[in-house]
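**Q** CSV, C-alpha atoms, file upload_33.csv:
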chain,number,residue,atom,x,y,z
A,254,ASP,CA,-185.7,148.3,-141.5
A,255,PRO,CA,-185.2,149.8,-145.0
A,256,VAL,CA,-182.7,148.2,-147.3
A,257,LEU,CA,-180.4,150.0,-149.7
A,258,HIS,CA,-179.0,147.8,-152.5
A,259,ARG,CA,-176.1,148.8,-154.8
A,260,PRO,CA,-175.8,146.4,-157.7
A,261,VAL,CA,-172.5,146.4,-159.6
A,262,GLU,CA,-173.8,146.2,-163.2
A,263,PHE,CA,-175.9,149.0,-164.6
A,264,THR,CA,-178.2,146.5,-166.4
A,265,GLN,CA,-179.5,145.4,-163.0
A,266,TYR,CA,-180.9,148.8,-162.5
A,267,ARG,CA,-182.9,148.7,-165.7
A,268,HIS,CA,-184.1,145.1,-165.7
A,269,GLN,CA,-187.9,145.0,-164.9
A,270,ALA,CA,-187.8,141.7,-163.1
A,271,TYR,CA,-184.9,142.8,-160.9
A,272,ARG,CA,-186.6,146.1,-160.1
A,273,GLY,CA,-189.9,144.2,-159.2
A,274,LEU,CA,-188.0,141.9,-156.9
A,275,LEU,CA,-186.5,144.9,-155.0
A,276,ASP,CA,-190.0,146.5,-154.8
A,277,ARG,CA,-191.5,143.4,-153.4
A,278,HIS,CA,-188.9,143.3,-150.7
A,279,GLY,CA,-189.0,147.0,-149.9
A,280,ALA,CA,-185.5,147.7,-151.0
A,281,THR,CA,-184.4,151.0,-152.5
A,282,GLN,CA,-182.0,151.2,-155.4
A,283,SER,CA,-179.0,153.5,-154.9
A,284,MET,CA,-177.8,155.1,-158.2
A,285,SER,CA,-175.9,158.2,-158.9
A,286,ARG,CA,-176.5,160.5,-161.8
A,287,LYS,CA,-175.0,159.5,-165.1
A,288,GLY,CA,-171.4,160.8,-165.4
A,289,ALA,CA,-171.4,162.1,-161.8
A,290,CYS,CA,-168.8,159.9,-160.2
A,291,LEU,CA,-168.5,162.3,-157.2
A,292,ASP,CA,-172.1,161.6,-156.2
A,293,ASN,CA,-171.0,158.5,-154.3
A,294,ALA,CA,-167.3,159.3,-153.6
A,295,MET,CA,-167.6,159.6,-149.9
A,296,ILE,CA,-169.5,156.3,-149.4
A,297,GLU,CA,-167.3,154.5,-151.9
A,298,ASN,CA,-164.3,155.6,-149.8
A,299,PHE,CA,-166.0,154.4,-146.6
A,300,PHE,CA,-166.8,151.0,-148.2
A,301,GLY,CA,-163.2,150.7,-149.3
A,302,HIS,CA,-162.1,151.1,-145.6
A,303,VAL,CA,-164.8,148.6,-144.5
A,304,LYS,CA,-163.5,146.0,-146.9
A,305,THR,CA,-159.8,146.4,-146.3
A,306,GLU,CA,-159.8,147.1,-142.5
A,307,TRP,CA,-162.6,144.8,-141.4
A,308,PHE,CA,-164.2,142.5,-143.9
A,309,TYR,CA,-161.2,140.9,-145.8
A,310,PRO,CA,-159.1,140.3,-142.7
A,311,GLY,CA,-162.1,138.9,-140.8
A,312,SER,CA,-163.7,135.6,-140.4
A,313,PHE,CA,-167.5,135.4,-139.9
A,314,PRO,CA,-169.1,132.0,-139.2
A,315,SER,CA,-172.6,133.5,-139.1
A,316,ILE,CA,-174.7,136.4,-140.4
A,317,THR,CA,-175.2,137.4,-136.8
A,318,GLU,CA,-171.5,137.8,-136.4
A,319,VAL,CA,-171.3,139.8,-139.6
A,320,GLU,CA,-174.0,142.2,-138.4
A,321,ALA,CA,-172.5,142.6,-134.9
A,322,GLY,CA,-169.1,143.1,-136.3
A,323,LEU,CA,-170.2,145.7,-138.9
A,324,HIS,CA,-172.0,147.7,-136.2
A,325,GLU,CA,-168.9,147.6,-134.0
A,326,TYR,CA,-166.7,148.6,-137.0
A,327,ILE,CA,-169.0,151.6,-137.8
A,328,ARG,CA,-168.9,152.7,-134.2
A,329,TRP,CA,-165.1,152.4,-134.1
A,330,TYR,CA,-164.8,154.2,-137.4
A,331,ASN,CA,-166.9,157.2,-136.3
A,332,HIS,CA,-165.7,157.5,-132.7
A,333,ASP,CA,-162.2,156.1,-132.4
A,334,ARG,CA,-160.5,155.9,-135.8
A,335,ILE,CA,-157.9,158.7,-136.3
A,336,ARG,CA,-158.2,160.6,-139.5
A,337,ASN,CA,-155.2,162.6,-140.8
A,338,THR,CA,-157.6,164.8,-142.8
A,339,HIS,CA,-159.4,165.7,-139.6
A,340,ASP,CA,-156.4,167.0,-137.6
A,341,GLY,CA,-155.9,163.5,-136.2
A,342,LEU,CA,-159.4,163.3,-134.7
A,343,PRO,CA,-162.1,160.7,-135.2
A,344,PRO,CA,-165.1,162.0,-137.4
A,345,VAL,CA,-167.5,162.4,-134.4
A,346,VAL,CA,-165.0,164.6,-132.5
A,347,PHE,CA,-164.0,166.6,-135.5
A,348,ARG,CA,-167.6,167.3,-136.4
A,349,ALA,CA,-168.5,168.3,-132.8
A,350,ARG,CA,-165.6,170.8,-132.7
A,351,ALA,CA,-166.7,172.2,-136.1
A,352,MET,CA,-170.3,172.6,-135.0
A,353,ALA,CA,-169.1,174.4,-131.8
A,354,VAL,CA,-167.4,177.2,-133.7
Take the structure I supplied and represent it as structure tokens, if you would.
**A**
Amino acid sequence: DPVLHRPVEFTQYRHQAYRGLLDRHGATQSMSRKGACLDNAMIENFFGHVKTEWFYPGSFPSITEVEAGLHEYIRWYNHDRIRNTHDGLPPVVFRARAMAV
């Protein structure tokens, strides 16, 4: 499966050895345009929810449990989590209704 890596420091994006390591492992860098903070606003918001609602309160004895838990969280987030900005509907239901119009 493809890997998308988001380093924290900008220098990581530019360092030749680091970029070579990502290439050797088939990872793709994720980088927004300079000065365009809104490029990643939606995914940054989602990652904020992942961290506060699932990761920080959780306990994960193995990477297998992290993977399974994250898959379950994403399923719950899309299908069950109520969103005030979506008329109290989960994202999947809200989108289905919007597409039906």
**Q** Show which residues sit within 12 Å of A:Ser312, as an MDAnalysis selection string. Count only C-alpha atoms, and ignore same-chain residues fewer than 6 positions away.
**A** chainID A and resid 318:319 322
**Q** Can I get the selected residues back with C-alpha atoms, as a compact mmCIF listing (two decimals), keeping the file's coordinate frame?
**A**
# COMPACT_ATOMS: atom_id res chain seq x y z
CA GLU A 318 -171.50 137.80 -136.40
CA VAL A 319 -171.30 139.80 -139.60
CA GLY A 322 -169.10 143.10 -136.30
**Q** Take atom CA of A:Asn331 and atom CA of A:Ala294 and report the distance between them in Å, one decimal.
**A**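 It comes out at 17.4 Å.
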**Q** Mind checking which residues fall within 10 Å of A:Leu323, counting only C-alpha atoms, ignoring those fewer than 6 positions away in the same chain, and posting them as a list in words?
**A** Val303, Trp307, Phe308, Thr317 and Trp329 of chain A
**Q** Report, in Å with one decimal, the straight-line distance from atom CA of A:His332 to atom CA of A:Pro314.
**A**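 Computing it gives 26.5 Å between the two atoms.
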**Q** At what distance in Å, to one decimal, does atom CA of A:His302 lie from atom CA of A:Gln282?
**A**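 Between these atoms lies a distance of 22.2 Å.
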**Q** Let me have the centre and edge lengths in Å, one decimal, of the box along x, y and z around every listed atom of stretch 270-274 of chain A with 3 Å of margin on each side, as lines of an AutoDock Vina configuration file.
**A**
center_x = -187.4
center_y = 143.9
center_z = -160.0
size_x = 11.0
size_y = 10.4
size_z = 12.2
**Q** Just stretch 329-346 of chain A from the block, N, CA and C atoms, as a compact mmCIF listing (two decimals), in the first residue's frame, could you?
**A**
# COMPACT_ATOMS: atom_id res chain seq x y z
N TRP A 329 -16.14 4.93 12.18
CA TRP A 329 -17.05 5.62 13.09
C TRP A 329 -17.17 7.10 12.72
N TYR A 330 -16.04 7.74 12.45
CA TYR A 330 -16.02 9.17 12.12
C TYR A 330 -16.88 9.44 10.88
N ASN A 331 -16.77 8.61 9.87
CA ASN A 331 -17.50 8.83 8.62
C ASN A 331 -18.97 8.40 8.67
N HIS A 332 -19.28 7.36 9.44
CA HIS A 332 -20.62 6.78 9.39
C HIS A 332 -21.49 7.08 10.61
N ASP A 333 -20.89 7.37 11.77
CA ASP A 333 -21.67 7.51 13.00
C ASP A 333 -21.50 8.84 13.72
N ARG A 334 -20.37 9.48 13.58
CA ARG A 334 -20.08 10.70 14.34
C ARG A 334 -20.97 11.83 13.86
N ILE A 335 -21.72 12.42 14.79
CA ILE A 335 -22.63 13.52 14.47
C ILE A 335 -21.82 14.80 14.27
N ARG A 336 -22.14 15.52 13.21
CA ARG A 336 -21.46 16.78 12.90
C ARG A 336 -22.48 17.91 12.95
N ASN A 337 -22.25 18.88 13.81
CA ASN A 337 -23.15 20.04 13.89
C ASN A 337 -23.18 20.81 12.58
N THR A 338 -22.06 20.84 11.87
CA THR A 338 -22.00 21.58 10.60
C THR A 338 -22.72 20.85 9.47
N HIS A 339 -23.13 19.62 9.73
CA HIS A 339 -23.84 18.83 8.71
C HIS A 339 -25.26 18.51 9.16
N ASP A 340 -25.91 19.49 9.77
CA ASP A 340 -27.29 19.30 10.25
C ASP A 340 -27.42 18.12 11.20
N GLY A 341 -26.40 17.84 11.98
CA GLY A 341 -26.45 16.74 12.94
C GLY A 341 -26.28 15.37 12.33
N LEU A 342 -25.80 15.32 11.08
CA LEU A 342 -25.64 14.04 10.38
C LEU A 342 -24.17 13.66 10.27
N PRO A 343 -23.88 12.35 10.24
CA PRO A 343 -22.51 11.91 9.95
C PRO A 343 -22.14 12.26 8.51
N PRO A 344 -20.85 12.40 8.20
CA PRO A 344 -20.42 12.80 6.86
C PRO A 344 -20.98 11.95 5.72
N VAL A 345 -21.02 10.64 5.87
CA VAL A 345 -21.50 9.77 4.79
C VAL A 345 -22.98 10.04 4.49
N VAL A 346 -23.78 10.20 5.52
CA VAL A 346 -25.21 10.46 5.33
C VAL A 346 -25.41 11.84 4.72
